[in-house]
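Undergrad: Next up, start_10.tsv (TSV, C-alpha atoms).
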```tsv
chain	number	residue	atom	x	y	z
A	1	MET	CA	56.47	-86.77	11.31
A	2	ALA	CA	57.41	-83.94	13.66
A	3	VAL	CA	59.22	-80.62	13.37
A	4	LEU	CA	61.83	-79.99	16.06
A	5	VAL	CA	61.99	-76.33	17.09
A	6	THR	CA	65.05	-75.46	19.17
A	7	GLY	CA	64.58	-72.35	21.29
A	8	GLY	CA	60.85	-72.79	20.77
A	9	ALA	CA	59.95	-71.15	24.08
A	10	GLY	CA	61.69	-67.91	23.06
A	11	TYR	CA	60.19	-64.89	21.37
A	12	ILE	CA	60.46	-65.79	17.69
A	13	GLY	CA	60.60	-69.53	18.32
A	14	SER	CA	57.29	-69.55	20.20
A	15	HIS	CA	55.61	-67.75	17.30
A	16	ALA	CA	57.01	-70.35	14.90
A	17	VAL	CA	55.63	-73.11	17.13
A	18	ALA	CA	52.22	-71.42	17.13
A	19	ALA	CA	52.26	-71.11	13.34
A	20	LEU	CA	53.25	-74.76	12.91
A	21	LEU	CA	50.44	-75.87	15.22
A	22	GLU	CA	47.98	-73.77	13.25
A	23	LYS	CA	49.04	-75.72	10.16
A	24	GLY	CA	48.39	-79.03	11.91
A	25	GLU	CA	52.07	-79.96	12.28
A	26	GLU	CA	53.35	-82.20	15.04
A	27	VAL	CA	55.82	-80.08	16.98
A	28	VAL	CA	58.64	-80.98	19.37
A	29	ILE	CA	60.28	-78.14	21.29
A	30	VAL	CA	63.70	-78.08	22.95
A	31	ASP	CA	64.47	-75.13	25.21
A	32	ASN	CA	66.60	-74.74	28.33
A	33	LEU	CA	64.27	-71.90	29.45
A	34	TYR	CA	67.26	-69.65	30.13
A	35	GLN	CA	65.58	-66.90	28.11
A	36	GLY	CA	62.46	-68.77	27.02
A	37	HIS	CA	59.15	-69.06	28.85
A	38	ARG	CA	57.12	-72.20	29.40
A	39	ASP	CA	53.91	-70.15	29.08
A	40	ALA	CA	54.96	-69.07	25.57
A	41	VAL	CA	54.61	-72.64	24.29
A	42	LEU	CA	51.03	-73.02	23.06
A	43	GLY	CA	51.24	-76.74	22.31
A	44	GLY	CA	53.42	-79.56	21.11
A	45	LYS	CA	55.83	-81.60	23.22
A	46	LEU	CA	58.27	-79.51	25.26
A	47	TYR	CA	61.60	-80.94	26.40
A	48	GLU	CA	63.44	-78.77	28.91
A	49	GLY	CA	67.15	-79.21	28.36
A	50	ASP	CA	70.29	-77.99	26.63
A	51	LEU	CA	71.50	-78.77	23.11
A	52	ARG	CA	74.99	-79.33	24.50
A	53	ASP	CA	73.77	-82.30	26.54
A	54	ALA	CA	74.32	-85.15	24.07
A	55	ASP	CA	72.37	-87.74	26.08
A	56	PHE	CA	69.41	-85.39	26.45
A	57	LEU	CA	69.35	-84.38	22.79
A	58	GLY	CA	69.87	-87.94	21.59
A	59	LYS	CA	66.82	-88.97	23.62
A	60	VAL	CA	64.72	-86.28	21.90
A	61	PHE	CA	65.63	-87.67	18.48
A	62	GLN	CA	65.12	-91.28	19.61
A	63	GLU	CA	61.66	-90.63	21.05
A	64	ASN	CA	60.29	-88.66	18.09
A	65	ASP	CA	60.04	-89.16	14.34
A	66	ILE	CA	61.59	-85.84	13.36
A	67	ASP	CA	61.25	-84.68	9.77
A	68	GLY	CA	63.12	-81.36	10.00
A	69	VAL	CA	64.59	-78.84	12.42
A	70	ILE	CA	64.00	-75.10	12.84
A	71	HIS	CA	66.92	-73.79	14.87
A	72	PHE	CA	66.39	-70.66	17.00
A	73	ALA	CA	68.37	-71.56	20.14
A	74	ALA	CA	71.15	-69.00	20.63
A	75	ASN	CA	72.30	-66.14	22.82
A	76	SER	CA	71.67	-62.89	20.97
A	77	LEU	CA	72.72	-59.81	22.96
A	78	VAL	CA	75.35	-57.86	21.03
A	79	GLY	CA	76.76	-56.02	24.05
A	80	GLU	CA	77.00	-59.17	26.14
A	81	SER	CA	78.69	-61.01	23.28
A	82	MET	CA	81.49	-58.43	23.27
A	83	LYS	CA	82.03	-58.78	27.02
A	84	ASP	CA	81.78	-62.58	27.15
A	85	PRO	CA	82.66	-64.03	23.73
A	86	GLY	CA	83.34	-67.48	25.20
A	87	LYS	CA	79.72	-67.78	26.30
A	88	TYR	CA	78.56	-67.07	22.74
A	89	TYR	CA	80.96	-69.49	21.09
A	90	HIS	CA	80.10	-72.23	23.56
A	91	ASN	CA	76.32	-71.86	23.41
A	92	ASN	CA	75.82	-70.77	19.81
A	93	VAL	CA	78.57	-72.54	17.90
A	94	TYR	CA	79.14	-75.62	20.06
A	95	GLY	CA	75.39	-75.98	20.64
A	96	THR	CA	74.83	-76.02	16.88
A	97	LEU	CA	77.61	-78.60	16.44
A	98	CYS	CA	75.88	-80.87	18.96
A	99	LEU	CA	72.57	-80.43	17.15
A	100	LEU	CA	74.07	-81.25	13.74
A	101	GLU	CA	75.80	-84.34	15.11
A	102	GLN	CA	72.52	-85.65	16.53
A	103	MET	CA	70.73	-84.87	13.28
A	104	GLN	CA	73.37	-86.83	11.41
A	105	LYS	CA	73.01	-89.83	13.75
A	106	ALA	CA	69.22	-89.75	13.45
A	107	GLY	CA	69.26	-89.34	9.67
A	108	VAL	CA	67.48	-85.96	9.76
A	109	SER	CA	68.55	-84.00	6.70
A	110	ARG	CA	66.67	-80.67	6.81
A	111	ILE	CA	67.38	-77.61	8.93
A	112	VAL	CA	66.11	-74.04	8.80
A	113	PHE	CA	68.50	-71.76	10.63
A	114	SER	CA	67.40	-68.49	12.21
A	115	SER	CA	70.46	-66.37	11.47
A	116	THR	CA	70.92	-62.60	11.55
A	117	ALA	CA	71.76	-59.72	9.26
A	118	ALA	CA	74.49	-58.92	11.80
A	119	THR	CA	76.57	-61.35	9.72
A	120	TYR	CA	77.07	-58.48	7.23
A	121	GLY	CA	78.57	-56.01	9.68
A	122	GLU	CA	78.87	-52.47	8.32
A	123	PRO	CA	76.95	-52.60	5.03
A	124	GLU	CA	78.67	-51.69	1.79
A	125	ARG	CA	75.30	-50.71	0.32
A	126	VAL	CA	71.65	-50.45	1.33
A	127	PRO	CA	69.47	-52.42	0.95
A	128	ILE	CA	71.77	-55.33	1.78
A	129	ASP	CA	71.83	-58.24	-0.67
A	130	GLU	CA	72.58	-61.90	0.14
A	131	TYR	CA	75.71	-61.74	-2.01
A	132	ASP	CA	77.18	-58.79	-0.14
A	133	ARG	CA	80.32	-59.16	1.96
A	134	THR	CA	79.96	-60.77	5.40
A	135	LEU	CA	82.22	-59.08	7.94
A	136	PRO	CA	80.59	-59.07	11.40
A	137	THR	CA	81.51	-56.27	13.81
A	138	ASN	CA	80.54	-58.14	16.99
A	139	THR	CA	80.90	-61.60	18.51
A	140	TYR	CA	77.18	-62.37	18.18
A	141	GLY	CA	77.25	-61.84	14.40
A	142	GLU	CA	80.53	-63.73	14.14
A	143	THR	CA	79.10	-66.79	15.90
A	144	LYS	CA	76.02	-66.78	13.70
A	145	LEU	CA	78.22	-66.66	10.60
A	146	ALA	CA	80.30	-69.53	12.00
A	147	MET	CA	77.08	-71.51	12.54
A	148	GLU	CA	76.06	-70.91	8.93
A	149	LYS	CA	79.43	-72.12	7.66
A	150	MET	CA	79.34	-75.20	9.89
A	151	ILE	CA	75.91	-76.16	8.59
A	152	ARG	CA	77.15	-75.82	5.00
A	153	TRP	CA	80.06	-78.20	5.65
A	154	PHE	CA	77.65	-80.70	7.21
A	155	GLU	CA	75.74	-80.54	3.94
A	156	VAL	CA	78.93	-81.28	2.00
A	157	ALA	CA	79.86	-84.20	4.25
A	158	HIS	CA	76.49	-85.58	5.31
A	159	GLY	CA	73.84	-84.21	2.95
A	160	ILE	CA	72.05	-82.03	5.49
A	161	LYS	CA	70.15	-79.44	3.43
A	162	PHE	CA	69.63	-76.00	4.96
A	163	VAL	CA	67.99	-72.64	4.58
A	164	SER	CA	69.56	-69.77	6.51
A	165	LEU	CA	67.40	-66.70	7.16
A	166	ARG	CA	69.05	-63.36	7.91
A	167	TYR	CA	67.05	-60.46	9.33
A	168	PHE	CA	67.27	-57.47	11.68
A	169	ASN	CA	64.52	-56.42	14.09
A	170	ALA	CA	61.57	-58.59	15.04
A	171	ALA	CA	58.66	-56.81	16.72
A	172	GLY	CA	54.98	-57.25	17.49
A	173	ALA	CA	52.99	-60.09	19.02
A	174	HIS	CA	50.75	-63.00	18.05
A	175	ALA	CA	47.23	-62.15	16.91
A	176	SER	CA	45.78	-64.32	19.69
A	177	GLY	CA	47.31	-62.05	22.31
A	178	ARG	CA	48.66	-65.08	24.14
A	179	ILE	CA	52.34	-64.71	23.28
A	180	GLY	CA	54.62	-61.72	22.83
A	181	GLU	CA	58.03	-60.25	23.59
A	182	ASP	CA	59.45	-60.70	27.10
A	183	HIS	CA	63.24	-60.38	27.36
A	184	GLN	CA	65.33	-59.92	30.49
A	185	PRO	CA	67.12	-57.63	30.00
A	186	GLU	CA	65.17	-55.90	27.24
A	187	THR	CA	67.30	-54.32	24.50
A	188	HIS	CA	64.86	-53.90	21.59
A	189	LEU	CA	63.53	-50.45	20.72
A	190	VAL	CA	59.80	-51.12	20.40
A	191	PRO	CA	59.28	-52.77	23.81
A	192	LEU	CA	61.60	-50.20	25.45
A	193	VAL	CA	59.48	-47.36	24.05
A	194	LEU	CA	56.30	-49.08	25.21
A	195	GLN	CA	57.75	-49.46	28.71
A	196	VAL	CA	57.73	-45.65	28.90
A	197	ALA	CA	54.04	-45.65	27.97
A	198	LEU	CA	53.43	-48.25	30.70
A	199	GLY	CA	55.21	-46.08	33.28
A	200	GLN	CA	57.98	-48.65	33.73
A	201	ARG	CA	60.75	-46.26	32.70
A	202	GLU	CA	60.93	-42.46	32.67
A	203	GLN	CA	62.09	-41.95	29.11
A	204	ILE	CA	63.53	-43.56	26.03
A	205	SER	CA	67.11	-42.77	25.06
A	206	VAL	CA	67.79	-41.80	21.45
A	207	PHE	CA	71.45	-42.46	20.68
A	208	GLY	CA	72.37	-39.73	18.23
A	209	ASP	CA	70.24	-37.33	16.18
A	210	ASP	CA	72.93	-36.16	13.76
A	211	TYR	CA	73.06	-39.07	11.34
A	212	ALA	CA	72.76	-38.58	7.59
A	213	THR	CA	69.05	-39.47	7.59
A	214	GLU	CA	65.94	-37.34	7.13
A	215	ASP	CA	65.38	-36.75	10.85
A	216	GLY	CA	68.94	-37.42	12.03
A	217	THR	CA	68.23	-40.72	13.79
A	218	CYS	CA	69.15	-44.24	12.76
A	219	ILE	CA	66.90	-46.14	10.36
A	220	ARG	CA	66.21	-49.83	10.84
A	221	ASP	CA	64.13	-52.58	9.26
A	222	TYR	CA	61.28	-53.90	11.45
A	223	ILE	CA	59.46	-57.16	10.69
A	224	HIS	CA	56.39	-58.50	12.46
A	225	VAL	CA	57.35	-61.63	14.39
A	226	SER	CA	54.53	-63.66	12.82
A	227	ASP	CA	55.80	-62.80	9.35
A	228	LEU	CA	59.19	-64.12	10.43
A	229	ALA	CA	57.57	-67.31	11.68
A	230	ASP	CA	55.83	-67.74	8.31
A	231	ALA	CA	59.16	-67.38	6.50
A	232	HIS	CA	60.74	-70.17	8.54
A	233	ILE	CA	57.85	-72.50	7.71
A	234	LEU	CA	58.03	-71.64	3.99
A	235	ALA	CA	61.76	-72.40	4.12
A	236	LEU	CA	61.07	-75.81	5.66
A	237	GLU	CA	58.47	-76.52	3.00
A	238	ARG	CA	61.05	-75.65	0.32
A	239	LEU	CA	63.43	-78.24	1.76
A	240	ARG	CA	60.66	-80.83	2.03
A	241	LYS	CA	60.00	-80.39	-1.69
A	242	GLY	CA	63.64	-81.11	-2.48
A	243	GLY	CA	64.81	-77.51	-2.77
A	244	GLU	CA	68.50	-76.73	-2.68
A	245	SER	CA	70.19	-75.11	0.28
A	246	ALA	CA	70.01	-71.32	0.27
A	247	ILE	CA	70.47	-68.11	2.24
A	248	TYR	CA	67.73	-65.48	2.28
A	249	ASN	CA	67.41	-62.02	3.75
A	250	LEU	CA	64.09	-61.12	5.32
A	251	GLY	CA	62.93	-57.54	5.46
A	252	SER	CA	59.76	-55.49	5.26
A	253	GLY	CA	61.31	-53.30	2.59
A	254	ASN	CA	60.55	-50.26	4.74
A	255	GLY	CA	63.07	-48.62	7.02
A	256	TYR	CA	61.87	-46.57	9.99
A	257	SER	CA	63.88	-44.11	12.06
A	258	VAL	CA	64.07	-44.12	15.85
A	259	LYS	CA	62.01	-40.92	15.94
A	260	GLN	CA	59.37	-42.49	13.68
A	261	VAL	CA	59.07	-45.49	16.01
A	262	ILE	CA	58.58	-43.14	18.96
A	263	GLU	CA	56.02	-40.99	17.13
A	264	VAL	CA	54.01	-44.02	16.00
A	265	SER	CA	54.15	-45.39	19.56
A	266	ARG	CA	52.79	-42.09	20.90
A	267	LYS	CA	49.91	-42.32	18.44
A	268	VAL	CA	49.14	-45.97	19.21
A	269	THR	CA	49.35	-45.69	23.01
A	270	GLY	CA	47.99	-42.19	23.52
A	271	HIS	CA	50.94	-41.47	25.83
A	272	SER	CA	53.43	-38.61	25.42
A	273	ILE	CA	56.52	-40.89	25.76
A	274	SER	CA	59.42	-38.72	26.86
A	275	ALA	CA	62.60	-39.07	24.78
A	276	LYS	CA	66.13	-37.88	25.55
A	277	ILE	CA	68.88	-37.42	22.98
A	278	GLU	CA	72.09	-39.17	24.05
A	279	PRO	CA	75.52	-39.39	22.38
A	280	ARG	CA	75.91	-41.84	19.50
A	281	ARG	CA	76.78	-45.42	20.32
A	282	ALA	CA	79.97	-46.72	18.75
A	283	GLY	CA	79.37	-48.88	15.70
A	284	ASP	CA	75.77	-47.85	14.97
A	285	PRO	CA	75.38	-47.51	11.17
A	286	ALA	CA	72.98	-44.81	9.98
A	287	VAL	CA	70.80	-47.16	7.91
A	288	LEU	CA	70.31	-50.93	8.03
A	289	ILE	CA	67.75	-52.38	5.63
A	290	ALA	CA	67.88	-55.83	4.03
A	291	SER	CA	66.58	-56.66	0.57
A	292	SER	CA	64.15	-59.59	0.71
A	293	GLN	CA	63.54	-59.83	-3.02
A	294	ARG	CA	65.10	-63.29	-3.29
A	295	ALA	CA	62.92	-64.64	-0.45
A	296	ARG	CA	59.86	-63.16	-2.11
A	297	ASN	CA	60.75	-64.71	-5.47
A	298	GLU	CA	61.92	-68.17	-4.33
A	299	LEU	CA	60.02	-68.80	-1.07
A	300	GLY	CA	56.87	-66.93	-2.03
A	301	TRP	CA	57.20	-64.96	1.19
A	302	SER	CA	55.82	-61.50	1.67
A	303	PRO	CA	55.15	-59.78	4.98
A	304	LYS	CA	51.46	-59.34	5.73
A	305	ARG	CA	51.96	-56.72	8.43
A	306	GLU	CA	54.30	-54.18	6.84
A	307	LYS	CA	52.96	-50.97	8.39
A	308	LEU	CA	54.86	-49.84	11.48
A	309	GLU	CA	51.59	-48.80	13.13
A	310	ASP	CA	50.22	-52.35	12.83
A	311	ILE	CA	53.43	-53.82	14.28
A	312	VAL	CA	53.47	-51.40	17.22
A	313	THR	CA	49.74	-51.88	17.85
A	314	SER	CA	50.12	-55.65	18.19
A	315	ALA	CA	53.10	-55.16	20.51
A	316	TRP	CA	51.15	-52.63	22.61
A	317	ASP	CA	48.18	-54.98	22.93
A	318	TRP	CA	50.53	-57.65	24.34
A	319	HIS	CA	52.47	-55.40	26.72
A	320	ARG	CA	49.33	-53.68	28.00
A	321	SER	CA	47.75	-57.03	28.87
A	322	HIS	CA	51.07	-58.49	30.11
A	323	PRO	CA	52.82	-55.54	31.81
A	324	ASN	CA	55.13	-57.94	33.65
A	325	GLY	CA	55.62	-60.30	30.72
A	326	TYR	CA	54.83	-63.93	31.42
A	327	GLU	CA	54.90	-63.48	35.20
A	328	LYS	CA	51.63	-64.52	36.75
```
Translate this file's structure into structure tokens.

TA:
Amino acid sequence: MAVLVTGGAGYIGSHAVAALLEKGEEVVIVDNLYQGHRDAVLGGKLYEGDLRDADFLGKVFQENDIDGVIHFAANSLVGESMKDPGKYYHNNVYGTLCLLEQMQKAGVSRIVFSSTAATYGEPERVPIDEYDRTLPTNTYGETKLAMEKMIRWFEVAHGIKFVSLRYFNAAGAHASGRIGEDHQPETHLVPLVLQVALGQREQISVFGDDYATEDGTCIRDYIHVSDLADAHILALERLRKGGESAIYNLGSGNGYSVKQVIEVSRKVTGHSISAKIEPRRAGDPAVLIASSQRARNELGWSPKREKLEDIVTSAWDWHRSHPNGYEK
């Protein structure tokens, strides 16, 4: 029996593939390589193609004895989603519909969905709980919420059980040093800061230093990418054991400010890392931290790499050895 990982050549997906392989699982990967990288796939059977191609996806299910699906494939840039919402609805929502329809035809009844804490929008309280209001403030979060709802209705109609995992910022790299974070364009804070240390950009922009936080900069929740991968596998194991469908937040439990990320990066890299204070960005909440207590209690998940210094160190090891990402 195989696990199908959609978007398995992407950043988080490739780490999930690596973790599955380490557990001796048979792995099938579907990725159109639009944002993914062939070199990020450490094993398994890779199919290059798009979820929206029914003939292609049907062939994947026909050729493999698939036991469950871990679904990462989605566009995920907030700014882009606001400029081109149609792209996000077509790829994220319609792509998920195509996947669910093929699962239904093939009789596959388990899916772990890599969602986002952007489904909550502006939080009513911190840390955010799974039962808090969902009111996305951008198209990306809205499409992810629509995907969650669609999956739930497929459970009602067709018995497809699911676990949806909501989280904020993935960071770090695999312990082997073979896979890491390589986005084009890059929008995540940790790799952007490390690009300054690598001499690839002059400075890092800090958008606002007058927030109601200890140092005036925004606080966010950072999770090591391998801890995220572990959570997806634990969720699949829950479904395999007959567990009910559920939604879980994932978080380290520790929020770090932008200035703290920069200071830790200076310590880890030994570089000064120039920073420039810029005006606030519209819609940036002061603090975003998710409570992961339910995931800890019901999935038995707990992050093994909670310290920011450990997360940044693993990211730095990757970027220093792969200054141009996966380019040869």

Undergrad: Within 9 Å of stretch 105-111 of chain A, counting only C-alpha atoms, which residues show up once you throw out same-chain ones fewer than 2 positions away? Write them as a PyMOL selection string, please.

TA: chain A and resi 58+61-62+66-71+100-103+113+151+155+158-164+236+239-240

Undergrad: Between A:Arg38, A:Arg296, A:Arg152, A:Arg266, which residue has the minimum interatomic distance to A:Val196, considering all atoms listed in the file?

TA: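 Distance minimum relative to A:Val196 lands on A:Arg266.
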
Undergrad: In Å, with one decimal, what is the gap from atom CA of A:Gly79 to atom CA of A:Leu189?

TA: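 Between atom CA of A:Gly79 and atom CA of A:Leu189 the gap works out to 14.7 Å.
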
Undergrad: Quote the spacing between atom CA of A:Gly251 and atom CA of A:Ser314 in Å to one decimal place.

TA: 18.2 Å

Undergrad: Looking at all atoms listed in the file, which of A:Ala212, A:Leu42, A:Met150, A:Ala286 is the one that sits closest to A:Arg178?

TA: A:Leu42
